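Enquirer: File coords.txt follows (compact mmCIF, C-alpha atoms and all ligand atoms):
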```txt
# COMPACT_ATOMS: atom_id res chain seq x y z
CA MET N 77 0.00 0.00 0.00
CA ARG N 78 0.95 3.66 -0.31
CA PRO N 79 0.04 6.18 2.41
CA LYS N 80 -2.73 8.53 1.30
CA ASP N 81 -1.49 12.12 1.31
CA PRO N 82 0.64 11.99 4.46
CA PRO N 83 1.15 15.48 5.89
CA PRO N 84 4.61 16.95 5.26
CA ALA N 85 7.18 16.92 8.04
CA THR N 86 6.70 20.58 8.95
CA TYR N 87 5.37 21.29 12.39
CA PRO N 88 3.03 23.90 13.89
CA PHE N 89 4.81 23.37 17.23
CA ALA N 90 8.33 23.45 18.60
CA TYR N 91 10.13 23.40 21.94
CA ARG N 92 11.25 26.86 23.08
CA ASN N 93 14.18 25.12 24.75
CA PRO N 94 14.76 21.85 22.88
CA PRO N 95 15.09 18.82 25.18
CA ARG N 96 18.06 16.49 25.27
CA SER N 97 18.17 14.39 22.12
CA GLY N 98 15.98 11.30 22.42
CA ASN N 99 18.73 9.40 20.61
CA ALA N 100 21.14 10.27 23.43
CA VAL N 101 18.57 9.15 26.02
CA ASN N 102 18.08 5.93 24.08
CA GLY N 103 21.83 5.27 24.18
CA LEU N 104 22.56 5.60 20.46
CA GLY N 105 26.30 5.08 19.97
CA GLU N 106 26.87 3.69 23.48
CA GLN N 107 29.11 0.60 23.42
CA GLU N 108 28.36 -0.63 26.93
CA LYS N 109 25.27 -2.72 27.68
CA SER N 110 22.82 -0.96 30.01
CA LEU N 111 19.11 -0.79 30.75
CA ALA N 112 16.87 1.40 28.59
CA ARG N 113 15.88 4.83 29.88
CA PRO N 114 12.28 6.03 29.40
CA VAL N 115 11.99 9.12 27.23
CA PHE N 116 8.44 9.62 25.94
CA HIS N 117 5.47 7.49 27.10
CA SER N 118 5.62 6.54 30.76
CA THR N 119 3.44 5.72 33.71
CA GLY N 120 6.00 7.65 35.72
CA ARG N 121 6.86 4.76 38.05
CA GLY N 122 10.56 5.48 37.62
CA GLY N 123 10.41 9.02 39.00
CA GLY N 124 7.42 10.82 37.51
CA ARG N 125 6.18 11.44 33.99
CA GLN N 126 7.33 15.05 34.10
CA SER N 127 10.93 13.94 34.66
CA LEU N 128 11.06 12.60 31.09
CA ASP N 129 12.98 14.68 28.58
CA TRP N 130 10.18 14.56 26.00
CA ALA N 131 7.23 14.73 28.42
CA ALA N 132 5.85 17.95 26.86
CA LEU N 133 5.55 16.28 23.45
CA ASP N 134 3.89 13.27 25.06
CA LEU N 135 1.34 15.65 26.59
CA LEU N 136 0.77 17.37 23.25
CA PHE N 137 0.37 13.93 21.60
CA ASN N 138 -2.47 13.25 24.05
CA PHE N 139 -4.09 16.64 23.33
CA LEU N 140 -3.88 16.07 19.57
CA THR N 141 -5.60 12.68 19.81
CA SER N 142 -9.01 12.53 18.08
CA PRO N 143 -12.12 11.76 20.22
CA GLY N 144 -12.44 8.23 18.73
CA CYS N 145 -8.87 7.38 19.72
CA PHE N 146 -9.17 9.04 23.08
CA TRP N 147 -12.22 6.92 23.89
CA GLN N 148 -10.25 3.74 23.12
CA VAL N 149 -7.36 4.97 25.30
CA LEU N 150 -9.72 5.70 28.20
CA ARG N 151 -11.23 2.21 27.96
CA THR N 152 -7.74 0.65 27.90
CA LEU N 153 -6.70 2.66 30.95
CA TRP N 154 -9.86 1.57 32.77
CA GLN N 155 -8.99 -2.07 32.04
CA ARG N 156 -5.66 -1.69 33.86
CA ARG N 157 -7.41 -2.31 37.18
CA LEU N 158 -7.82 -5.93 36.01
CA TYR N 159 -4.11 -6.62 35.37
CA VAL N 160 -3.84 -8.48 38.68
CA GLY N 161 -6.29 -10.59 40.68
CA PRO N 162 -6.66 -13.46 43.16
CA VAL N 163 -4.85 -16.77 42.56
CA ALA N 164 -6.83 -20.03 42.90
CA ARG N 165 -5.83 -22.03 45.97
CA ALA N 166 -5.70 -25.38 44.20
CA ARG N 167 -2.62 -25.50 41.97
CA VAL N 168 -2.59 -27.49 38.73
CA PRO N 169 0.79 -29.29 38.43
CA ALA N 170 3.04 -28.06 35.62
CA ASP N 171 5.69 -30.82 35.44
CA ASP N 172 5.28 -31.11 31.69
CA THR N 173 6.34 -27.56 30.78
CA ALA N 174 6.03 -28.17 27.02
CA ALA N 175 2.42 -29.34 27.34
CA MET N 176 1.62 -26.45 29.66
CA ALA N 177 3.19 -23.92 27.24
CA ALA N 178 1.15 -25.37 24.38
CA ARG N 179 -2.00 -25.12 26.52
CA ILE N 180 -1.33 -21.47 27.43
CA LYS N 181 -0.55 -20.45 23.84
CA ALA N 182 -3.70 -22.23 22.63
CA GLU N 183 -5.70 -20.35 25.27
CA ALA N 184 -4.15 -17.03 24.15
CA LYS N 185 -5.28 -17.76 20.59
CA ARG N 186 -8.73 -18.84 21.75
CA LEU N 187 -9.01 -15.48 23.50
CA GLY N 188 -8.19 -13.66 20.25
CA ALA N 189 -4.40 -13.40 19.95
CA GLY N 190 -3.01 -14.00 16.45
CA ILE N 191 0.36 -15.18 17.75
CA ALA N 192 1.83 -16.21 21.08
CA GLY N 193 5.23 -17.34 22.36
CA VAL N 194 7.01 -17.93 25.65
CA THR N 195 10.30 -16.60 27.00
CA THR N 196 11.83 -15.58 30.33
CA LEU N 197 11.99 -12.03 31.67
CA ARG N 198 15.08 -10.33 30.21
CA ASP N 199 17.06 -7.22 31.16
CA ASP N 200 16.62 -5.65 27.73
CA ALA N 201 12.88 -5.41 28.42
CA LEU N 202 13.41 -3.34 31.60
CA TYR N 203 13.71 0.40 32.18
CA GLU N 204 16.42 1.83 34.40
CA GLY N 205 14.99 2.86 37.77
CA TYR N 206 11.76 0.89 37.36
CA PRO N 207 10.88 -2.00 39.69
CA ARG N 208 11.68 -5.41 38.21
CA PRO N 209 8.46 -7.43 37.81
CA PRO N 210 8.56 -10.38 40.24
CA TYR N 211 7.99 -13.14 37.66
CA LYS N 212 10.21 -15.51 35.71
CA TYR N 213 8.19 -16.36 32.58
CA VAL N 214 6.66 -14.18 29.90
CA VAL N 215 3.88 -15.09 27.49
CA SER N 216 4.21 -12.62 24.64
CA ILE N 217 1.09 -12.16 22.51
CA GLY N 218 0.42 -10.34 19.24
CA THR N 219 -3.05 -9.06 18.34
CA VAL N 220 -3.61 -8.50 14.65
CA MET N 221 -4.92 -5.16 13.33
CA ASP N 222 -7.56 -4.80 10.62
CA ARG N 223 -5.54 -4.19 7.49
CA LYS N 224 -8.37 -2.30 5.76
CA GLU N 225 -8.47 0.19 8.62
CA MET N 226 -4.68 0.41 8.79
CA GLU N 227 -4.57 1.46 5.15
CA HIS N 228 -5.76 4.82 6.47
CA VAL N 229 -2.60 5.64 8.44
CA PRO N 230 -1.46 8.30 9.18
CA GLN N 231 -5.04 9.59 9.45
CA SER N 232 -7.32 9.29 12.50
CA ARG N 233 -9.07 6.20 11.11
CA GLY N 234 -5.82 4.19 11.14
CA ALA N 235 -4.91 5.56 14.58
CA ARG N 236 -8.30 4.47 15.90
CA GLU N 237 -7.61 0.91 14.76
CA VAL N 238 -4.24 0.97 16.55
CA MET N 239 -5.87 2.10 19.80
CA ARG N 240 -8.73 -0.37 19.37
CA THR N 241 -6.17 -3.16 18.95
CA TYR N 242 -4.27 -2.05 22.05
CA ARG N 243 -7.55 -2.25 23.97
CA ARG N 244 -8.27 -5.74 22.57
CA SER N 245 -4.75 -6.98 23.30
CA SER N 246 -4.99 -5.58 26.81
CA ARG N 247 -8.23 -7.54 27.29
CA ILE N 248 -6.65 -10.75 25.94
CA ALA N 249 -3.68 -10.35 28.31
CA ILE N 250 -6.04 -9.69 31.24
CA ASP N 251 -8.11 -12.79 30.45
CA LEU N 252 -5.02 -14.95 29.91
CA ALA N 253 -3.53 -13.81 33.23
CA ALA N 254 -6.85 -14.66 34.92
CA TYR N 255 -6.81 -18.09 33.24
CA ILE N 256 -3.31 -18.80 34.62
CA ARG N 257 -4.29 -17.59 38.08
CA GLY N 258 -7.25 -19.97 37.82
CA LEU N 259 -4.68 -22.79 37.49
CA GLY N 260 -3.23 -21.70 40.83
CA TRP N 261 -0.17 -19.80 39.57
CA PRO N 262 0.54 -16.06 39.97
CA ALA N 263 0.19 -14.07 36.73
CA GLN N 264 -0.11 -10.42 35.76
CA ALA N 265 -1.02 -8.70 32.50
CA TYR N 266 1.43 -6.13 31.11
CA ALA N 267 -0.46 -4.74 28.19
CA ASP N 268 1.43 -1.56 27.36
CA GLY N 269 4.99 -0.53 26.71
CA GLU N 270 5.22 1.93 29.56
CA ASP N 271 6.53 -0.36 32.30
CA LEU N 272 8.03 -3.10 30.18
CA ILE N 273 9.53 -2.95 26.68
CA GLN N 274 7.52 -5.44 24.67
CA ILE N 275 9.62 -5.88 21.52
CA PRO N 276 12.67 -7.66 23.07
CA LEU N 277 10.32 -10.09 24.79
CA ALA N 278 8.44 -10.82 21.57
CA LEU N 279 11.72 -11.33 19.68
CA ALA N 280 12.99 -13.76 22.32
CA ALA N 281 9.63 -15.56 22.31
CA GLY N 282 9.92 -16.21 18.57
CA LEU N 283 7.14 -13.92 17.40
CA GLY N 284 9.35 -12.41 14.70
CA GLU N 285 12.47 -10.41 13.86
CA LEU N 286 13.30 -6.72 14.15
CA GLY N 287 12.95 -4.79 10.88
CA LYS N 288 14.71 -1.69 9.63
CA HIS N 289 11.63 0.34 10.62
CA GLY N 290 12.29 -0.56 14.27
CA SER N 291 9.21 -2.78 14.62
CA ILE N 292 8.92 -6.54 14.90
CA ILE N 293 8.07 -8.49 11.73
CA ASN N 294 6.14 -11.75 11.93
CA LYS N 295 6.16 -14.25 9.07
CA GLU N 296 2.38 -14.36 8.83
CA PHE N 297 1.26 -10.88 9.87
CA GLY N 298 4.25 -8.68 9.01
CA SER N 299 4.21 -5.71 11.40
CA ASN N 300 0.45 -5.48 11.35
CA PHE N 301 -0.07 -6.41 15.00
CA ARG N 302 0.33 -5.00 18.51
CA LEU N 303 2.04 -6.60 21.48
CA ALA N 304 1.08 -7.34 25.05
CA ALA N 305 2.42 -9.77 27.64
CA VAL N 306 1.47 -11.88 30.61
CA LEU N 307 4.13 -12.44 33.27
CA THR N 308 3.85 -15.52 35.45
CA ASP N 309 5.60 -18.05 37.67
CA LEU N 310 3.86 -20.94 35.93
CA PRO N 311 6.76 -23.07 34.60
CA LEU N 312 6.65 -23.03 30.80
CA ALA N 313 8.90 -24.37 28.05
CA CYS N 314 10.36 -21.40 26.19
CA ASP N 315 10.33 -20.73 22.47
CA ALA N 316 13.45 -19.68 20.55
CA PRO N 317 14.05 -16.60 18.38
CA VAL N 318 13.22 -17.17 14.71
CA ASP N 319 15.03 -16.53 11.45
CA ILE N 320 12.54 -15.72 8.71
CA GLY N 321 14.94 -13.75 6.52
CA VAL N 322 14.13 -10.21 7.69
CA ASP N 323 17.73 -8.96 7.50
CA ASP N 324 18.15 -10.47 4.03
CA LEU N 325 15.37 -8.19 2.77
CA CYS N 326 15.97 -5.10 4.94
CA THR N 327 19.58 -4.78 3.75
CA ARG N 328 18.30 -4.46 0.16
CA CYS N 329 14.86 -2.88 0.56
CA ARG N 330 14.37 0.87 1.14
CA ARG N 331 10.60 1.07 1.09
CA CYS N 332 10.02 2.29 4.66
CA GLU N 333 13.00 4.66 4.48
CA LEU N 334 11.68 6.32 1.34
CA ASP N 335 8.08 6.57 2.55
CA CYS N 336 8.92 7.97 6.01
CA PRO N 337 8.04 11.69 5.73
CA PRO N 338 10.67 12.98 8.22
CA ASP N 339 13.42 10.60 6.93
CA ALA N 340 13.73 8.99 10.36
CA ILE N 341 14.64 5.46 9.24
CA LEU N 342 18.37 4.77 9.12
CA ASP N 343 19.83 2.64 6.35
CA GLU N 344 22.31 0.78 8.54
CA LYS N 345 22.20 -0.93 11.90
CA GLN N 346 23.39 1.21 14.82
CA MET N 347 25.11 0.50 18.13
CA VAL N 348 22.51 1.10 20.85
CA ARG N 349 23.55 0.43 24.47
CA GLY N 350 26.01 -2.27 23.45
CA VAL N 351 23.84 -4.01 20.84
CA GLU N 352 23.99 -3.52 17.09
CA LYS N 353 20.46 -3.32 15.69
CA TRP N 354 18.07 -1.46 13.42
CA TYR N 355 17.24 1.91 14.92
CA VAL N 356 14.84 4.75 14.06
CA ASP N 357 15.98 8.35 14.66
CA PHE N 358 13.85 9.33 17.65
CA ASP N 359 14.23 13.09 17.20
CA LYS N 360 12.91 12.91 13.63
CA CYS N 361 10.20 10.26 14.11
CA ILE N 362 8.51 11.31 17.34
CA PRO N 363 7.45 14.90 16.42
CA TYR N 364 5.84 13.49 13.25
CA PHE N 365 4.38 10.59 15.24
CA ALA N 366 2.83 13.11 17.66
CA MET N 367 1.40 15.27 14.88
CA THR N 368 -0.23 12.31 13.10
CA GLU N 369 -1.77 10.39 16.05
CA GLY N 370 0.92 7.71 15.89
CA CYS N 371 1.90 7.71 12.18
CA GLY N 372 2.50 4.00 11.37
CA ILE N 373 3.32 4.53 7.68
CA CYS N 374 6.52 2.44 7.90
CA ILE N 375 4.81 -0.66 9.24
CA GLU N 376 2.03 -0.56 6.68
CA VAL N 377 4.17 -0.01 3.57
CA CYS N 378 6.50 -2.86 4.56
CA PRO N 379 6.06 -5.79 2.12
CA TRP N 380 5.87 -8.22 5.03
CA SER N 381 2.63 -6.54 6.17
CA GLU N 382 0.87 -7.35 2.90
CA PRO N 383 -1.64 -10.11 3.78
CA GLY N 384 -0.59 -13.59 2.62
CA ARG N 385 2.82 -12.51 1.33
CA GLY N 386 5.10 -13.31 4.28
CA PRO N 387 5.44 -17.11 4.20
CA ALA N 388 6.45 -17.25 0.51
CA LEU N 389 8.73 -14.23 0.96
CA SER N 390 10.47 -15.89 3.89
CA GLU N 391 10.89 -19.15 2.01
CA ALA N 392 12.37 -17.35 -1.03
CA LEU N 393 14.76 -15.23 1.06
CA ILE N 394 16.10 -18.18 3.03
CA ALA N 395 16.46 -20.32 -0.10
CA LYS N 396 18.38 -17.46 -1.77
CA ARG N 397 20.70 -17.11 1.23
CA ARG N 398 21.38 -20.86 1.30
CA LYS N 399 22.17 -20.82 -2.41
CA GLU N 400 24.53 -17.83 -2.03
CA ASN N 401 26.26 -19.47 0.96
CA HIS N 402 26.58 -22.72 -0.96
CA GLU N 403 28.10 -20.95 -3.97
CA SER N 404 30.63 -19.09 -1.83
CA ASP N 405 31.80 -22.34 -0.09
S1 LIG E 501 6.30 6.02 12.50
FE1 LIG E 501 8.17 7.27 12.54
S2 LIG E 501 9.67 6.03 11.43
FE2 LIG E 501 7.66 5.21 10.88
S3 LIG E 501 7.08 6.32 9.01
FE3 LIG E 501 6.20 7.45 10.73
S4 LIG E 501 7.72 9.01 11.23
FE4 LIG E 501 8.73 7.47 9.96
S1 LIG E 502 9.92 -1.83 4.31
FE1 LIG E 502 11.68 -3.01 3.58
S2 LIG E 502 13.45 -2.18 4.68
FE2 LIG E 502 11.62 -1.47 5.75
S3 LIG E 502 11.31 -2.99 7.38
FE3 LIG E 502 10.08 -3.64 5.62
S4 LIG E 502 11.40 -5.06 4.48
FE4 LIG E 502 12.71 -3.92 5.89
```
I'd like the structure from this file rewritten - as structure tokens, please.
Ligand code: SF4
Ligand code: SF4

Expert:
Amino acid sequence: MRPKDPPPATYPFAYRNPPRSGNAVNGLGEQEKSLARPVFHSTGRGGGRQSLDWAALDLLFNFLTSPGCFWQVLRTLWQRRLYVGPVARARVPADDTAAMAARIKAEAKRLGAGIAGVTTLRDDALYEGYPRPPYKYVVSIGTVMDRKEMEHVPQSRGAREVMRTYRRSSRIAIDLAAYIRGLGWPAQAYADGEDLIQIPLALAAGLGELGKHGSIINKEFGSNFRLAAVLTDLPLACDAPVDIGVDDLCTRCRRCELDCPPDAILDEKQMVRGVEKWYVDFDKCIPYFAMTEGCGICIEVCPWSEPGRGPALSEALIAKRRKENHESD
């Protein structure tokens, strides 16, 4: 798809005193491994929302949100009271962790998730200064967005679908956490990215690979889904990260780079807090993101997000790589 008349990257707002670069806060160029630092969205648990360098833009983002989106956000916030709940006294044994993991992932799908995987809680999902969640296992879930609605990004209609999907994924995580607690094991829904960084968990749980546009790419759904998680002490067999050929395509494709109005997508992987990975220029993306209710152009123009295309694309990319490796041996 092509975005319909995206607004140009010129802004009717600006900081009188520009904040510290979001790229510096994110640790762009830092060689040492360290925890991520919150910069934009936050529940403020690590010292208050106003302490964030880009808090004013976050506030403006909320003011610029259309009523339809705002209503979805309010409903999602209201659901947060259900993230935790009582644990059943009788505990179902979980000696067979593979069978239990299969059962939990099947339940996630029955509740409406498009994809689900299991991993353990990792440091790269944590923010500096935030309390570490007291659980070992993570069930990462992806809830698929309506592609027809998402074709309207970066207009309000696309943004509404994003917020509607966040609300749905929050509900799925809440119901899955309740299901696990019903088996007698502690579990808590974490259905937003404010306390926990969802992408590293989803990558470790095998939901997909990181793309040049900075979002996760799944073989079946591309980047057309939103993440949530359930943290638990229920022993579960973990999934492994996947190789579907994302790097093979991203190193040759420039589609998201060319369609990003503020030119925020970098052509090469960057060193970010000791890890080399695809990275989007925060200072260029986020003002545009705020002005357009969450933008999303890059994830929708990505060929992986085209319905039905991913599996064949993955197969072709991996076959091509094998052939090239074979020829160079
Ligand atoms: S979300 Fe950010 S990186 Fe993606 S197209 Fe929009 S401005 Fe560019
Ligand atoms: S549009 Fe192309 S370069 Fe960008 S993430 Fe998708 S495959 Fe990679």

Enquirer: Pick from N:Pro82, N:Pro276, N:Gly284, N:Gly161: nearest to ligand LIG 501 (chain E), with only C-alpha atoms and all ligand atoms counted?

Expert: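 Checking each candidate against ligand LIG 501 (chain E), we get N:Pro82 as the closest.
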
Enquirer: The residues within 8 Å of (14.1, -15.6, 5.8), using only C-alpha atoms and the coordinates of the file, should be reported as an mmCIF file with C-alpha atoms, keeping the file's coordinate frame; which are they?

Expert:
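The result, written out as part28.cif:
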```cif
data_model
loop_
_atom_site.group_PDB
_atom_site.id
_atom_site.type_symbol
_atom_site.label_atom_id
_atom_site.label_comp_id
_atom_site.auth_asym_id
_atom_site.auth_seq_id
_atom_site.Cartn_x
_atom_site.Cartn_y
_atom_site.Cartn_z
ATOM 1 C CA ASP N 319 15.030 -16.530 11.450
ATOM 2 C CA ILE N 320 12.540 -15.720 8.710
ATOM 3 C CA GLY N 321 14.940 -13.750 6.520
ATOM 4 C CA VAL N 322 14.130 -10.210 7.690
ATOM 5 C CA ASP N 323 17.730 -8.960 7.500
ATOM 6 C CA ASP N 324 18.150 -10.470 4.030
ATOM 7 C CA LEU N 389 8.730 -14.230 0.960
ATOM 8 C CA SER N 390 10.470 -15.890 3.890
ATOM 9 C CA GLU N 391 10.890 -19.150 2.010
ATOM 10 C CA ALA N 392 12.370 -17.350 -1.030
ATOM 11 C CA LEU N 393 14.760 -15.230 1.060
ATOM 12 C CA ILE N 394 16.100 -18.180 3.030
ATOM 13 C CA ALA N 395 16.460 -20.320 -0.100
#
```

Enquirer: Which of these, N:Ile293, N:Cys371, N:Ala278, N:Ala249, has the shortest distance to N:Pro387 once you count only C-alpha atoms?

Expert: N:Ile293

Enquirer: What residues of the protein or nucleic acid chains come within 6 Å of ligand LIG 502 (chain E) when you use only C-alpha atoms and all ligand atoms? Reply as number ranges by chain.

Expert: N: 287-289, 325-326, 329-332, 378-379

Enquirer: Do you have the atom CA of N:Asp200-atom CA of N:Asp251 distance handy?

Expert: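 If I compute the distance from atom CA of N:Asp200 to atom CA of N:Asp251, I get 25.9 Å.
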
Enquirer: Report as JSON, numbers by chain which protein, DNA and RNA residues come within 10 Å of ligand LIG 501 (chain E), using only C-alpha atoms and all ligand atoms.

Expert: {"N": [79, 82, 85, 229, 230, 288, 289, 290, 291, 332, 333, 334, 335, 336, 337, 338, 339, 340, 341, 342, 355, 356, 357, 358, 359, 360, 361, 362, 363, 364, 365, 366, 367, 368, 369, 370, 371, 372, 373, 374, 375, 376, 377]}

Enquirer: Please report the interatomic distance between atom CA of N:Ile191 and atom CA of N:Ser245 in Å with one decimal.

Expert: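 Atom CA of N:Ile191 sits 11.1 Å away from atom CA of N:Ser245.
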
Enquirer: Pull the neighbourhood of (24.6, -4.5, 10.8) for me: all residues within 9 Å in file coordinates, counting only C-alpha atoms, as a list in words.

Expert: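 The residues near that point, listed by chain and number, are Asp323, Thr327, Glu344, Lys345, Gln346, Met347, Glu352, Lys353 and Trp354 of chain N.
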
Enquirer: Calculated over only C-alpha atoms, which of the candidates N:Leu197, N:Ala235, N:Val160, N:Ala253 has the smallest distance to N:Gly144?

Expert: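 Answer, going by the shortest atom-to-atom distance: N:Ala235.
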